[in-house]
Structure formats: structure tokens, C-alpha cells
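Asker: I'd like to ask you about the structure that follows.
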Amino acid sequence: MKGFYFISTESYSGKTGLILGLGLKLKEKNYLIGYFKPIGNLPKRFKNMTIDEDADYIAQVLELKEPLQSISPIVLTEETIEEILREGDFGYEERIKESFDHISQGKDVVLVEGGSGLAEGKFIKLATKDIPNLLDLLVILVAKGDNLRVIDEILEAKEELKERLFGVIFNYLPPGSEEKMEGVVKPFVKEKGINVLGVIPMDKTLLGVTIEEIVSSLKGKFLCCPEKGSELVETFMVGAMGQEKALRFFRRKGEKAVITGGDRADVQLAALETPTKCLILTGNLHPSPVVVSRSEELGVPIVLVPDDTFTTIEKMEMLIGRVRVHEPQKLKKMKTLVEEHVDLEQIYQAIKQ
Amino acid sequence: MLERLFSPSSLAVIGVSRDKTKVGRAVFDNIRRAGFKGPCFPVNPQTSQIEGLKCYPTIKAIPHRVDLAIIVIPSKFVPQAVFECGEKGVKVVIILTAGFREVGPEGARREREILKIARKFKIRVLGPNVLGLIDTHSKLNVSFVKEMPPSGNIAFVSQSGALGTFLLDWAKEKKIGFSKFVSLGNKLDISEIDLLKVFSKDERTKVIAFYIEGINNGRAFLKESQRVFKKKPIIAIKAGTTTQGARVVSSHTGSLSGSLQCYRAAFRQGGIIQAETVEDLVDLINAFSLLPLAKRKEVAIVTNAGGPAILATDACGEYGLPLASFSSRTLNYLRKNLPSYANIYNPIDVLGDALEDRYALAIKGVLQDSNVGSLIVILTPQAMTQPEGTAKVIIELSKEFKKPIVSCFMGGGQVEKGIEILSKKGIPNYLTPERAVKVLKKLNEYTFYLKRRKKEFFHFEVEKERAKKIVEEKLEERILTGPLANELLEVYGIKTARMKLARTLIDAERIVDEIGYPVALKLFSPDILHKSDVGGVVLNISSDQELAQNYYELRFRAKKFFPEALIKGILVQEMVKKGREVIIGVNKDPQFGPLIMFGLGGIYVETFKDVSFGLAPLSLEDAKEMVEEVRSSDLLRGVRGERRADISAIIDTLLRVSQMVIDLPEILEMDINPLVVFEEGEGCKAIDVRISIGGEGK
């Protein structure tokens, strides 16, 4: 059995997504795989238990049989953190070791999800940097982007983890940075004896949110095309101008939601002339029936929401941009990204050894 | 086949009620009252007789051929009715019923269903949601307009039924005759384009008029009008020309109203006379239906009062109509025949005491002058004035000379009878001189369109495949700018200022070695739209020291002001020699396709909005007109000792851009700003280019 420990230079670097993408790929290759999250940080109540939300989701996607208490033995909540600080730790090290032994039984490979930064978990004597030794894991460091701070973090990780650092995956590389990555950053990192396992470009699909999620978060309702609810919206634009300007404006972005008032038929139709995923009409103002007809004809859902435009924008900002990979389209995308941008051969080789 | 819409040999009305207040019944009664000669079968499964006529349960039960079916039943039953029409072999159907796309998706689905059935049986459909159709010659009134308008030579097509009822009612009172009237409704099938085709062949129609809110296939409309206007004048009023108006059009029709510039360009290129107001529309359809065309622009004015003549002269100036200079023969004639204190120069003042005979002398005098194209006769009621006699004089002389004459009998009760005589005999009268002049101006505009040379379209040999590849490469980013955009222009034979992208200062120095000083440095970021507004451009750099200093300064500014923006690097570009700066833009209109804009750079475009527009594909003449149309084009011809700029290079560039946007439908917008135009014979060069590309909506 081989265990890979995914840690990152900072939060929201895409560890969960990578584990899912790689997990699906390994499953496809008929490897027996397991997943382990020693310290859960996304608590959620389920059947009188506190479980980690991501761990729950990953277990479902990868169709794991083990109980969630083993997959994610410790889930930190506000209360448990306070208790630990007051009372001291609860012998977590043992629990983790036991659980890991349990879930790695009969597996070819276990993907372990770690923390962000090397120090995370130090207060319970389980710092990110100590777990690999405890469970005998190879570390895959997920680095977000290509800035100088990331390079510092990588060098620091190498110093701390030494041979346990299996390699780095640069994730969310912004468009236009490819040349700098290939020409400068990658050679520099390699020169320091650090293996680069992959460079994954930023993908807008992953930042998207489904129209259904928008409807439920904004307490809206579909005026047409509810069957398109599972489609992803990658960004949003707000329309409050005349038709010509609206047309020019909306052309700039694809795969977007357009937020405007129900009484702005010109803006709504201009949006429909450009690649638009859905119309979000604010203030519960019903649009003209001809616009609904047109929208339905084109298969673009109209969502009517009660909030005013400003509040709607605020809520949409919260929704879009935080990568959560809980939609089938995103899973598929993650798997493709891993296939196309990660050196899988190295991983297969490591599993063999 | 569409001719049957206007002259069917038999009709069926599906949905005739016994109740006289119902629409179906009103239409049925209107058809009979108007005097339609052929059989008209009522269809209603709930009754066996209407007004003594046998009523049929379905259209299929009629034991006779039916040319045209009119459907006036609730919308949910319409698809079935159309299906039965198909089975019966009816080829043209008018659906008066409302309750389709204008009420929501359910209605829209019903429309689609009808269209499918119609296509299957090859049925043409007018409507749904229409007021109906009238043909005064075949005595057909398939509408809920109660009374037929007088018979005449104007065909009027309206996207608004209500505007139709107004115009027809008003026309009756003014004795303006119509050949046909059609209300278009939801335009499920039959559109303006079909009707243009029919009316162009209709011998009884002399003038075609449209009330337009939006056209679904603008390019086809433009193409058809380019053919038809040569046969007969097309007059159109476009509603929804302001932002607020456009919004109302959108919520009314469910389609974008289209920009005013786009329609103006389409009308000009399609030879269509644009009416700006409903009053204009009425004035113009009347004038075009009555008057001959002038052989020349020059106008003569005959008046019995100074004030209105000055106003008329002002209006001529305003609308660009020159006043005719009379020949010496005419002047001698006038001098001999008019009182010595009368003004014999244009405008001719026959004085307040002029009786009909003095008007006759003056009018005859100017009409026989070959320098005169058209005539305005102004009459104000004074003690001795003879409005009726003068009217008769005008009518007599109008028969003798085939020149357009408009009258301006100004007043109320005192001139009323004179105006009546005039309008009975086909001389349009206008209450104010401005309206009279405007009509003559539009008549002249039509003459100008007719005289325009045949459109010449050029085709430049280009490497289209390479162009397509460039566009495809950036399709996902939706923006094409910098070196690649310049390359695309070069593929189309448009010269551009050399530029390369530098990621580091060392890169920049290498580029300078290649292109030489002086150079310009420009921030290159797809996220920064107006880079010169934010200090992202430095010009005329001519030493290594300046290069280094400005390179870092630009990098610093980008970080400071646009921390989120993706900075791809700094563009190093050759400084081109001084010339006159112009802008060429493109904006793709959903209905008409690429609209090309031209204007002089800087304040002329931004502050004075001095721009012209043309729809692609541009002909050579279109491009020339676009350059001439901007008021600031004098600056290109050279003012204050400046030499003439290379105008033919601008025209060439416009034509190349036109070909590019037709070849590459992915181009949604383009800005060549500036295009530097050198002196005549030296060409021009594009400096900055920004192109929006991508797919349209579904």
C-alpha cells in the first residue's frame, strides 16, 4: 500500500478537487483506493454525528465502504478547539493511526488529505509536516499559482519534509502565466531538487455554480427552463444600460448569469443575444411574457428573485469564485485536468514500489 | 402563391359567431360589406347557419376549393385548425387570434407547433395576432377595421395594428388612397421581406410604406429593398429609436429594437426613405404617391408674403436644398409681367394683393425655367387673395409641366376650400413651409438613390485560412488584441505599425534593436480597456535610458492601479510618422450583421459624435459615402494649406474591414483606433486594434 498526503501552501488551493480527480482516475485504472482525512475542518451534522463535509462527499464519489468515523476520525468544531485549548489534547495521534490502519487494509493506494501550510494542526501535536512520518506517506504539495510566496513555501516544505516530498503540483495557473512557469519557475524549482508533478491551468468551469444553487441560495424561482438547472454559471454581469451598450458589454463574457430588473426587456434580450446561461431578474418584477417566450425558445432559464439588484449581486459574489467540486460536470473536469496535466506515470510507478 | 393573400377566389372564416359583437363575426361581416366577389364560407361547428348562409363544422366539410382561410378562434385550437387547412389544401392562412408568444412560453410553443404544421403542408401564414389585411382593388377587407380606405396606390405594412387603423381612418378623411394594408403581428412566417416582393410586382402599388419596430432578418430585408427601391419608393418609419423607446419595443415584440445608426445605414444602403415622425410618414406617402420626381434639386418658391418665404428659404438651407437661380429669360419674363415692386428673384414675392392671375404668371414663368426642379407655392390669406382660384391655377399648370409642385396654403377657414380643391386633384398641401420643404428634400433623396451608380463590390485575395486560425486561437478568450490582432489586419492587406511583446526589459531592448528608435511602449493586458486613459502608453521613446525608465514605470503603474489585471507584458511598437488620425469600428448587430463605423479620431468622434455608419458588405460607393458623410471630412481634404490625406487608402481599408467581418462571423466588435492616414498616395497604418470575438447567443 502506498499513501499520498496532499498538503497545500494555502487554503483553497484545490486539494479536494485534485484528490477527486486523481481518485477517479486511479479507480478507472482498477486500483483499490482509499481516502483518509486525519483532521476534518468542514464540520457538518449528519445522523447525530459530526462529520467532515468534504470527506463525506469524497467517500460517496469514490464509493468507499468504510465508515466516515474512520475516514475522518477527528472533526474540529469551534467547541472542540476551545476544549482542546483548555483541557489539552485527547490522544488524537493514536486514533489517527488506528483509523488509518483500518482504512488502508487491502488497498493499493490511499489518498490522504492534509492541511494548508506546514504548521496547521500543531496545537494538537499533529502538524501537517509531522503526519507523513506518523503514517509513512509521500507528500504531494499543491501550490496555488506561481508567485514568489508560493516558491518560498515550496522551498520550506522541501527543507522540512526532505525525501518525503514526492512532488509539487502547481494549481490554478492563471492564463498568460504559462511561459513564465515553463521558462522560469519550473526550472528554478527543479534545480533545487524538487520534483514537479504537474502544472494545472485555471479552469473556469471549476469556479462555476449551478443555476439550481443560485435559485436556492437567492430564494428565487424558475420562470422557464427549470430543466437547465444543473448547468454551470461561471461568472455574472449586471445590466442597467441601453440595448446597444448592453450588447457590447455582455459579449465580453461567456457562460454567465445576467442580473437585471424584470422591467428591463431591452437588457434581457441583449443578454439573450450573447452567450448567457441564465437571467436573474431582481425585485420579483415579472418580465414581459414575450421575453419569457424568447428565453424559453433559446433554452435559457429565467430566475426571478425577491432581493433588489444590490443584494443579489452581494449574494452572487459569495456564491461564485469559491471552488467547490460538488457537481458532476466539475468532477469530470477535474479528472480531465489531472489526466492532461499531471505526470500520472510517476504516481503509478510510486504505487508499484 | 402570396398573391392569393390579396386576391383569393374563395375564402373561409374559421370562427364566425352568431353574436355580432365577436371578432370573428365582425371580420366576416367586414368581408361581405367590402364587396368581395367570390364565395366566403363561415366555419363554426356550433351552428348550421349564419345570416342565411350554410355554416360548416370544419374547413374540410366545405365542398369547394378554399384559397385563403382566416382563423379567429381561441389560440389553443389554432394548431388543429391550421392542420385541417393543410388537409383541405389551403395554401394561405391569416391568424387573427392573439394569445401566442406575447402571452408567454405556452403561446410560443403553440406558435412553433403552427409553424411546423405550416411547413409540412407548405402553407404561408400571416400573423398570428394581427389586425388583418385589406386590398382595395380586390375589395378584400379581412380585418376588424370597419371601413375600407379609399382605393389608391399606397401599400402600407404595419407592425402595429393600431397605427394602421389610425392611418386608414385618417386617409379616408383626407382622401388618400391605399392599394393594400397589412398588419404583420407576430411575424411567424410572412414578414416585411415577403411583402416587399409581392408589392414590387403589384401594378396597383406605386409607393410602399412600413411602420417598423424590429426586423428579424435585417440583411435579407436590406438585400430585397436594394432591388425593389429601383422600381418604386419605399418609405419607412422606425419606432424605438431612443433607449426608452427601444425598451418598449423589446417588451412589446420580444426582439431587440436594433440601433438607430444601424437602421439609418440600412435605409440609406437600401434606398429607403426614412420618415422620422408619423406626420412625416403621412406627408411622404402622400407626396410620393402623387408627385412626379424632380430632374434636379433646385427649388423655386412663389409666395404672397415675405415671412413664410424666409422660413421656407431657411428650411431649404437646413435640408440642403438649393434655391434655383433663374435664367435671364425667366427674369425678363417676370420683370415684364409682375409689378415693378414685386421681388422677381427666388423666392418670388407676388405681393399680398396678388390675385390668381399673378400667381399664374409667376408659376408659369418659373416652371418653364430648366434651372428649376421643383416648386413651392405659398399662399397666406389676405383681403384680395383668391385661394380657390389660385388652387385651380396650380392644378392647371401642374398638368402642363411635369415637375413636383407642393403648396403651402397657410391658414384655416379662409384657405380650406382651396386646399380641398388641391388635394382632390393631387397637389399635396402643407400647413407650414418647413413640412413642404422636407417633403421635397425626401423626393430628392429618392432621386439621388435612383441615380446612384450600380454598387461595386470588391474582393481582395487574402489567406482566409490563416485568418480563421488566428481567430480560432483566441476564441475562448473572446478578445484579440496586440500583435496577433495586427497580424489579422495584415492578412487582410491593412498595414499596421510593427509591434512585439516584451516580458522583460531585456526583451524590450532586443525588440528595439530590430525596429529602431523612436518607439512607443504600451501596457498589454486584456483586462485594461482604455490603456491610454490610465497612463498605460508612453510615446516617442528614443534612448535606452528612456526605455528602461518607462518600462519599469509602466510595470509599476499596472501593479498599482490594476493589481487584479493580467498583464501579459509591455508592447514595443514603432512610432509611425505624423498623419491624420481616423477611427474605424465594427459592431455586429443581431439583425443586420456587422455595422461599420467611421470617424475622425479624438474629439471628432468622442465629443462631436461626428461618425458615419455602413452595413457590411460595403460597396465602393457605400465606403465613399461614409467618408464624405462625416462633417469633419474636410480635414482630410486639407484645410489651411495642409495637403490632402490619402482618402482612397481609407476607403480601401473600409472595404478590407468589410470583407474581413463578412469572412469571419466570429468578429463581434472591432476598433482600429487610430488608423493614421498619411498624405495622398502614401497610404495609412493601423496603430491599435482591439477585436471582440466569440459565438453569439444560442
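Going by the C-alpha cells order, chains are called A, B, ..., each with residues numbered from 1, while ligands are numbered from 1 in the order shown.
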Set the cut-off to 8 Å and count only C-alpha atoms: what are the residues of chain A that reach chain B? Output as a ChimeraX atom specification.
Answerer: /A:175-176,224,242-244,248,251-253,264-266,269-270,272-276,288-294,296-298
Asker: If we count only C-alpha atoms and set the cut-off at 7 Å, which residues sit around region 277-290 of chain B, ignoring sequence neighbours fewer than 3 positions away in its own chain? Please answer as a ChimeraX atom specification.
Answerer: /B:153-154,176,206-207,209,237,426,428,439
Asker: Include N, CA and C atoms and write out the residues we just selected as an mmCIF file, in the first residue's frame.
Answerer:
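Written file, selection_2.cif:
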```cif
data_model
loop_
_atom_site.group_PDB
_atom_site.id
_atom_site.type_symbol
_atom_site.label_atom_id
_atom_site.label_comp_id
_atom_site.auth_asym_id
_atom_site.auth_seq_id
_atom_site.Cartn_x
_atom_site.Cartn_y
_atom_site.Cartn_z
ATOM 1 N N ASN B 153 -52.806 54.068 -54.510
ATOM 2 C CA ASN B 153 -51.592 53.353 -54.935
ATOM 3 C C ASN B 153 -50.549 53.182 -53.835
ATOM 4 N N ILE B 154 -50.984 53.327 -52.566
ATOM 5 C CA ILE B 154 -50.035 53.162 -51.457
ATOM 6 C C ILE B 154 -50.262 51.807 -50.783
ATOM 7 N N ILE B 176 -56.858 60.044 -49.145
ATOM 8 C CA ILE B 176 -55.606 59.435 -49.606
ATOM 9 C C ILE B 176 -55.888 57.959 -49.868
ATOM 10 N N LYS B 206 -47.799 52.015 -56.064
ATOM 11 C CA LYS B 206 -46.743 52.915 -56.522
ATOM 12 C C LYS B 206 -45.752 53.201 -55.397
ATOM 13 N N VAL B 207 -46.272 53.229 -54.172
ATOM 14 C CA VAL B 207 -45.429 53.554 -53.011
ATOM 15 C C VAL B 207 -45.609 52.465 -51.959
ATOM 16 N N ALA B 209 -44.984 51.548 -47.979
ATOM 17 C CA ALA B 209 -44.655 52.191 -46.700
ATOM 18 C C ALA B 209 -44.666 51.171 -45.564
ATOM 19 N N ILE B 237 -40.954 54.158 -41.322
ATOM 20 C CA ILE B 237 -40.748 54.815 -40.033
ATOM 21 C C ILE B 237 -40.311 53.733 -39.057
ATOM 22 N N GLY B 426 -54.702 66.130 -56.466
ATOM 23 C CA GLY B 426 -53.381 65.539 -56.317
ATOM 24 C C GLY B 426 -52.230 66.498 -56.074
ATOM 25 N N PRO B 428 -50.367 68.011 -53.020
ATOM 26 C CA PRO B 428 -50.344 67.971 -51.549
ATOM 27 C C PRO B 428 -50.129 69.366 -50.956
ATOM 28 N N VAL B 439 -40.603 67.521 -47.511
ATOM 29 C CA VAL B 439 -41.115 66.563 -48.491
ATOM 30 C C VAL B 439 -40.287 66.626 -49.784
#
```
Asker: If you run DSSP on this backbone, which residues of region 403-490 of chain B come out as strand (DSSP E), and could you give them as a PyMOL selection string?
Answerer: chain B and resi 405-409+479-481
Asker: Got a sec: who's within 12 Å of Ile124 (chain A), counting only C-alpha atoms, leaving out chain neighbours fewer than 2 positions off, as a PyMOL selection string?
Answerer: chain A and resi 38-39+74+76+80-93+96+119-122+126-128+130-131
Asker: Restricting the output to C-alpha atoms, write the selected residues as a JSON list (two decimals), in the first residue's frame.
Answerer:
```
[["chain", "number", "residue", "atom", "x", "y", "z"],
["A", 38, "PRO", "CA", -6.99, 12.80, 9.58],
["A", 39, "ILE", "CA", -8.26, 16.18, 10.70],
["A", 74, "ILE", "CA", -11.31, 13.87, 14.01],
["A", 76, "LEU", "CA", -12.68, 20.05, 14.59],
["A", 80, "THR", "CA", -13.71, 21.04, 20.25],
["A", 81, "ILE", "CA", -10.99, 23.60, 19.52],
["A", 82, "GLU", "CA", -11.89, 25.52, 22.67],
["A", 83, "GLU", "CA", -11.96, 22.32, 24.69],
["A", 84, "ILE", "CA", -8.54, 21.26, 23.44],
["A", 85, "LEU", "CA", -7.08, 24.65, 24.23],
["A", 86, "ARG", "CA", -8.49, 24.44, 27.74],
["A", 87, "GLU", "CA", -8.03, 20.74, 28.57],
["A", 88, "GLY", "CA", -5.16, 19.57, 26.40],
["A", 89, "ASP", "CA", -5.35, 17.04, 23.61],
["A", 90, "PHE", "CA", -7.30, 13.83, 23.60],
["A", 91, "GLY", "CA", -4.69, 11.42, 22.31],
["A", 92, "TYR", "CA", -5.55, 12.08, 18.73],
["A", 93, "GLU", "CA", -2.34, 10.55, 17.43],
["A", 96, "ILE", "CA", -5.47, 8.62, 13.68],
["A", 119, "ALA", "CA", 2.13, 24.17, 10.73],
["A", 120, "GLU", "CA", -1.57, 23.50, 10.63],
["A", 121, "GLY", "CA", -2.60, 21.19, 13.48],
["A", 122, "LYS", "CA", 0.44, 21.88, 15.57],
["A", 126, "LEU", "CA", -0.32, 16.87, 14.70],
["A", 127, "ALA", "CA", 1.27, 19.48, 12.48],
["A", 128, "THR", "CA", 0.88, 18.90, 8.77],
["A", 130, "ASP", "CA", 4.54, 15.54, 11.13],
["A", 131, "ILE", "CA", 1.76, 13.40, 9.68]]
```
Asker: Out of region 326-503 of chain B, which residues get helix (DSSP H, G or I) from DSSP, as a ChimeraX atom specification?
Answerer: /B:328-337,356-367,387-400,413-424,433-451,464-474,483-491
Asker: Hey, can you check how far CA of Val157 (chain B) sits from CA of Asp135 (chain B)?
Answerer: 11.9 Å
Asker: So which residues touch Thr496 (chain B) within 9 Å, counting only C-alpha atoms, skipping near sequence neighbours fewer than 3 positions away, as a PyMOL selection string?
Answerer: chain B and resi 486-487+489-490+499+675+684-688
Asker: Please provide the set of residues having any atom within 12 Å of Leu571 (chain B), restricted to only C-alpha atoms, with same-chain residues fewer than 5 positions apart removed, written as JSON, numbers by chain.
Answerer: {"B": [481, 482, 483, 484, 497, 498, 499, 500, 501, 502, 503, 504, 505, 507, 508, 509, 511, 512, 519, 520, 521, 522, 523, 524, 525, 531, 536, 537, 538, 539, 547, 550, 551, 554, 555, 687, 688]}
Asker: Could you save those same residues with C-alpha atoms as a PDB file, in the first residue's frame?
Answerer:
```
ATOM      1  CA  THR B 481      -5.561  42.450 -29.494  1.00  0.00           C
ATOM      2  CA  GLY B 482      -1.863  43.282 -29.710  1.00  0.00           C
ATOM      3  CA  PRO B 483       0.466  41.604 -32.210  1.00  0.00           C
ATOM      4  CA  LEU B 484      -1.992  38.891 -33.170  1.00  0.00           C
ATOM      5  CA  ALA B 497       2.621  49.657 -37.066  1.00  0.00           C
ATOM      6  CA  ARG B 498       5.174  46.971 -36.174  1.00  0.00           C
ATOM      7  CA  MET B 499       4.993  45.769 -32.587  1.00  0.00           C
ATOM      8  CA  LYS B 500       6.254  42.988 -30.383  1.00  0.00           C
ATOM      9  CA  LEU B 501       5.610  41.883 -26.847  1.00  0.00           C
ATOM     10  CA  ALA B 502       8.317  42.247 -24.227  1.00  0.00           C
ATOM     11  CA  ARG B 503       8.132  40.362 -20.931  1.00  0.00           C
ATOM     12  CA  THR B 504      11.331  41.828 -19.576  1.00  0.00           C
ATOM     13  CA  LEU B 505      13.427  44.887 -20.212  1.00  0.00           C
ATOM     14  CA  ASP B 507      13.228  41.584 -24.363  1.00  0.00           C
ATOM     15  CA  ALA B 508      12.324  45.221 -24.968  1.00  0.00           C
ATOM     16  CA  GLU B 509      15.907  46.162 -25.768  1.00  0.00           C
ATOM     17  CA  ILE B 511      12.973  44.456 -29.965  1.00  0.00           C
ATOM     18  CA  VAL B 512      14.310  47.992 -30.230  1.00  0.00           C
ATOM     19  CA  VAL B 519       9.281  53.531 -30.160  1.00  0.00           C
ATOM     20  CA  ALA B 520       6.123  53.543 -28.096  1.00  0.00           C
ATOM     21  CA  LEU B 521       5.586  51.404 -25.008  1.00  0.00           C
ATOM     22  CA  LYS B 522       2.110  50.127 -24.196  1.00  0.00           C
ATOM     23  CA  LEU B 523       0.775  48.037 -21.361  1.00  0.00           C
ATOM     24  CA  PHE B 524      -0.595  44.826 -22.766  1.00  0.00           C
ATOM     25  CA  SER B 525      -3.472  43.418 -20.821  1.00  0.00           C
ATOM     26  CA  LYS B 531      -4.871  51.927 -21.559  1.00  0.00           C
ATOM     27  CA  GLY B 536      -0.534  52.865 -19.927  1.00  0.00           C
ATOM     28  CA  VAL B 537       1.036  54.325 -23.070  1.00  0.00           C
ATOM     29  CA  VAL B 538       4.313  56.193 -23.478  1.00  0.00           C
ATOM     30  CA  LEU B 539       5.196  57.600 -26.872  1.00  0.00           C
ATOM     31  CA  LEU B 547      13.297  52.853 -22.469  1.00  0.00           C
ATOM     32  CA  ASN B 550       9.458  53.967 -18.837  1.00  0.00           C
ATOM     33  CA  TYR B 551       9.442  50.210 -18.957  1.00  0.00           C
ATOM     34  CA  LEU B 554       4.574  51.118 -16.796  1.00  0.00           C
ATOM     35  CA  ARG B 555       5.069  47.884 -14.891  1.00  0.00           C
ATOM     36  CA  ILE B 687      -1.795  51.544 -34.724  1.00  0.00           C
ATOM     37  CA  ASP B 688      -4.068  49.933 -32.150  1.00  0.00           C
TER      38      ASP B 688
END
```
Asker: Neighbours of Ala354 (chain B) within 12 Å (only C-alpha atoms; same-chain residues fewer than 3 positions away dropped), as a list in words?
Answerer: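 Neighbouring residues, sequence-local ones excluded: Val302, Thr303, Asn304, Ala305, Leu338, Pro339, Ala342, Ile348, Asp349, Val350, Leu351, Asp357, Arg358, Tyr359, Ala360, Leu361, Ala362, Ile378, Leu379, Thr380, Pro381, Gln382, Ala383, Met384, Thr385, Gln386, Pro387, Gly389 and Thr390 of chain B.
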Asker: Those residues you just picked out, can you put them in a file as a PDB file, in the first residue's frame with N, CA and C atoms?
Answerer:
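This is the output file again-v1.pdb:
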```
ATOM      1  N   VAL B 302     -42.735  80.509 -54.812  1.00  0.00           N
ATOM      2  CA  VAL B 302     -43.599  81.635 -55.186  1.00  0.00           C
ATOM      3  C   VAL B 302     -44.494  81.915 -53.986  1.00  0.00           C
ATOM      4  N   THR B 303     -44.540  83.157 -53.546  1.00  0.00           N
ATOM      5  CA  THR B 303     -45.254  83.474 -52.307  1.00  0.00           C
ATOM      6  C   THR B 303     -45.979  84.814 -52.419  1.00  0.00           C
ATOM      7  N   ASN B 304     -46.993  84.994 -51.560  1.00  0.00           N
ATOM      8  CA  ASN B 304     -47.604  86.319 -51.494  1.00  0.00           C
ATOM      9  C   ASN B 304     -47.249  87.014 -50.184  1.00  0.00           C
ATOM     10  N   ALA B 305     -46.292  86.481 -49.442  1.00  0.00           N
ATOM     11  CA  ALA B 305     -45.903  87.116 -48.172  1.00  0.00           C
ATOM     12  C   ALA B 305     -44.433  86.828 -47.894  1.00  0.00           C
ATOM     13  N   LEU B 338     -44.672  91.006 -63.798  1.00  0.00           N
ATOM     14  CA  LEU B 338     -45.040  91.251 -62.401  1.00  0.00           C
ATOM     15  C   LEU B 338     -44.912  92.746 -62.102  1.00  0.00           C
ATOM     16  N   PRO B 339     -45.632  93.217 -61.063  1.00  0.00           N
ATOM     17  CA  PRO B 339     -45.494  94.629 -60.697  1.00  0.00           C
ATOM     18  C   PRO B 339     -44.022  94.960 -60.422  1.00  0.00           C
ATOM     19  N   ALA B 342     -42.568  93.964 -57.095  1.00  0.00           N
ATOM     20  CA  ALA B 342     -42.516  92.549 -56.713  1.00  0.00           C
ATOM     21  C   ALA B 342     -41.065  92.065 -56.789  1.00  0.00           C
ATOM     22  N   ILE B 348     -39.825  84.261 -55.190  1.00  0.00           N
ATOM     23  CA  ILE B 348     -40.580  85.301 -55.879  1.00  0.00           C
ATOM     24  C   ILE B 348     -41.743  85.754 -55.000  1.00  0.00           C
ATOM     25  N   ASP B 349     -41.796  87.043 -54.742  1.00  0.00           N
ATOM     26  CA  ASP B 349     -42.893  87.578 -53.916  1.00  0.00           C
ATOM     27  C   ASP B 349     -43.882  88.274 -54.850  1.00  0.00           C
ATOM     28  N   VAL B 350     -45.041  87.641 -55.041  1.00  0.00           N
ATOM     29  CA  VAL B 350     -46.019  88.237 -55.943  1.00  0.00           C
ATOM     30  C   VAL B 350     -46.859  89.301 -55.212  1.00  0.00           C
ATOM     31  N   LEU B 351     -46.564  89.480 -53.949  1.00  0.00           N
ATOM     32  CA  LEU B 351     -47.144  90.518 -53.087  1.00  0.00           C
ATOM     33  C   LEU B 351     -48.547  90.171 -52.577  1.00  0.00           C
ATOM     34  N   ASP B 357     -54.369  85.411 -61.166  1.00  0.00           N
ATOM     35  CA  ASP B 357     -53.664  85.580 -62.443  1.00  0.00           C
ATOM     36  C   ASP B 357     -52.183  85.896 -62.243  1.00  0.00           C
ATOM     37  N   ARG B 358     -51.891  86.668 -61.191  1.00  0.00           N
ATOM     38  CA  ARG B 358     -50.473  86.997 -60.958  1.00  0.00           C
ATOM     39  C   ARG B 358     -49.709  85.738 -60.512  1.00  0.00           C
ATOM     40  N   TYR B 359     -50.360  84.932 -59.683  1.00  0.00           N
ATOM     41  CA  TYR B 359     -49.772  83.632 -59.300  1.00  0.00           C
ATOM     42  C   TYR B 359     -49.493  82.823 -60.563  1.00  0.00           C
ATOM     43  N   ALA B 360     -50.522  82.808 -61.473  1.00  0.00           N
ATOM     44  CA  ALA B 360     -50.391  82.004 -62.693  1.00  0.00           C
ATOM     45  C   ALA B 360     -49.175  82.431 -63.498  1.00  0.00           C
ATOM     46  N   LEU B 361     -48.994  83.760 -63.633  1.00  0.00           N
ATOM     47  CA  LEU B 361     -47.851  84.268 -64.398  1.00  0.00           C
ATOM     48  C   LEU B 361     -46.518  83.830 -63.789  1.00  0.00           C
ATOM     49  N   ALA B 362     -46.450  84.023 -62.452  1.00  0.00           N
ATOM     50  CA  ALA B 362     -45.182  83.692 -61.774  1.00  0.00           C
ATOM     51  C   ALA B 362     -44.903  82.189 -61.843  1.00  0.00           C
ATOM     52  N   ILE B 378     -46.575  79.298 -51.909  1.00  0.00           N
ATOM     53  CA  ILE B 378     -47.044  79.698 -50.580  1.00  0.00           C
ATOM     54  C   ILE B 378     -48.175  80.716 -50.735  1.00  0.00           C
ATOM     55  N   LEU B 379     -49.239  80.490 -49.981  1.00  0.00           N
ATOM     56  CA  LEU B 379     -50.348  81.442 -50.033  1.00  0.00           C
ATOM     57  C   LEU B 379     -50.818  81.715 -48.616  1.00  0.00           C
ATOM     58  N   THR B 380     -50.863  83.020 -48.265  1.00  0.00           N
ATOM     59  CA  THR B 380     -51.436  83.392 -46.972  1.00  0.00           C
ATOM     60  C   THR B 380     -52.703  84.194 -47.245  1.00  0.00           C
ATOM     61  N   PRO B 381     -53.731  83.990 -46.437  1.00  0.00           N
ATOM     62  CA  PRO B 381     -55.000  84.648 -46.744  1.00  0.00           C
ATOM     63  C   PRO B 381     -54.944  86.152 -46.440  1.00  0.00           C
ATOM     64  N   GLN B 382     -55.054  86.947 -47.477  1.00  0.00           N
ATOM     65  CA  GLN B 382     -55.115  88.403 -47.294  1.00  0.00           C
ATOM     66  C   GLN B 382     -56.397  88.885 -47.970  1.00  0.00           C
ATOM     67  N   ALA B 383     -56.699  90.161 -47.840  1.00  0.00           N
ATOM     68  CA  ALA B 383     -58.008  90.665 -48.255  1.00  0.00           C
ATOM     69  C   ALA B 383     -58.380  90.267 -49.684  1.00  0.00           C
ATOM     70  N   MET B 384     -57.400  90.400 -50.603  1.00  0.00           N
ATOM     71  CA  MET B 384     -57.762  90.154 -52.003  1.00  0.00           C
ATOM     72  C   MET B 384     -57.459  88.726 -52.456  1.00  0.00           C
ATOM     73  N   THR B 385     -56.770  87.945 -51.605  1.00  0.00           N
ATOM     74  CA  THR B 385     -56.306  86.624 -52.028  1.00  0.00           C
ATOM     75  C   THR B 385     -57.448  85.732 -52.511  1.00  0.00           C
ATOM     76  N   GLN B 386     -57.153  84.946 -53.565  1.00  0.00           N
ATOM     77  CA  GLN B 386     -58.183  84.044 -54.113  1.00  0.00           C
ATOM     78  C   GLN B 386     -57.708  82.589 -53.974  1.00  0.00           C
ATOM     79  N   PRO B 387     -57.886  82.002 -52.779  1.00  0.00           N
ATOM     80  CA  PRO B 387     -57.346  80.654 -52.570  1.00  0.00           C
ATOM     81  C   PRO B 387     -57.882  79.637 -53.576  1.00  0.00           C
ATOM     82  N   GLY B 389     -59.279  80.068 -56.647  1.00  0.00           N
ATOM     83  CA  GLY B 389     -58.790  80.349 -57.995  1.00  0.00           C
ATOM     84  C   GLY B 389     -57.319  79.997 -58.127  1.00  0.00           C
ATOM     85  N   THR B 390     -56.545  80.347 -57.121  1.00  0.00           N
ATOM     86  CA  THR B 390     -55.112  80.050 -57.162  1.00  0.00           C
ATOM     87  C   THR B 390     -54.884  78.539 -57.192  1.00  0.00           C
TER      88      THR B 390
END
```
Asker: With a distance cut-off of 10 Å and only C-alpha atoms, select the neighbouring residues of region 50-67 of chain B, excluding the residue or stretch itself and same-chain residues fewer than 6 positions from it, and output the selection as a ChimeraX atom specification.
Answerer: /B:1,4-5,7-19,25,29,39-44,81-82,84-93
Asker: In Å, how far is it from CA of Pro433 (chain B) to CA of Lys392 (chain B)?
Answerer: 20.1 Å
Asker: Would you mind telling me which residue in A:Lys180, A:Lys186, A:Lys25, A:Lys352 lies nearest to Gly167 (chain A) when using only C-alpha atoms?
Answerer: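 The shortest atom-to-atom distance to Gly167 (chain A) comes from A:Lys186.
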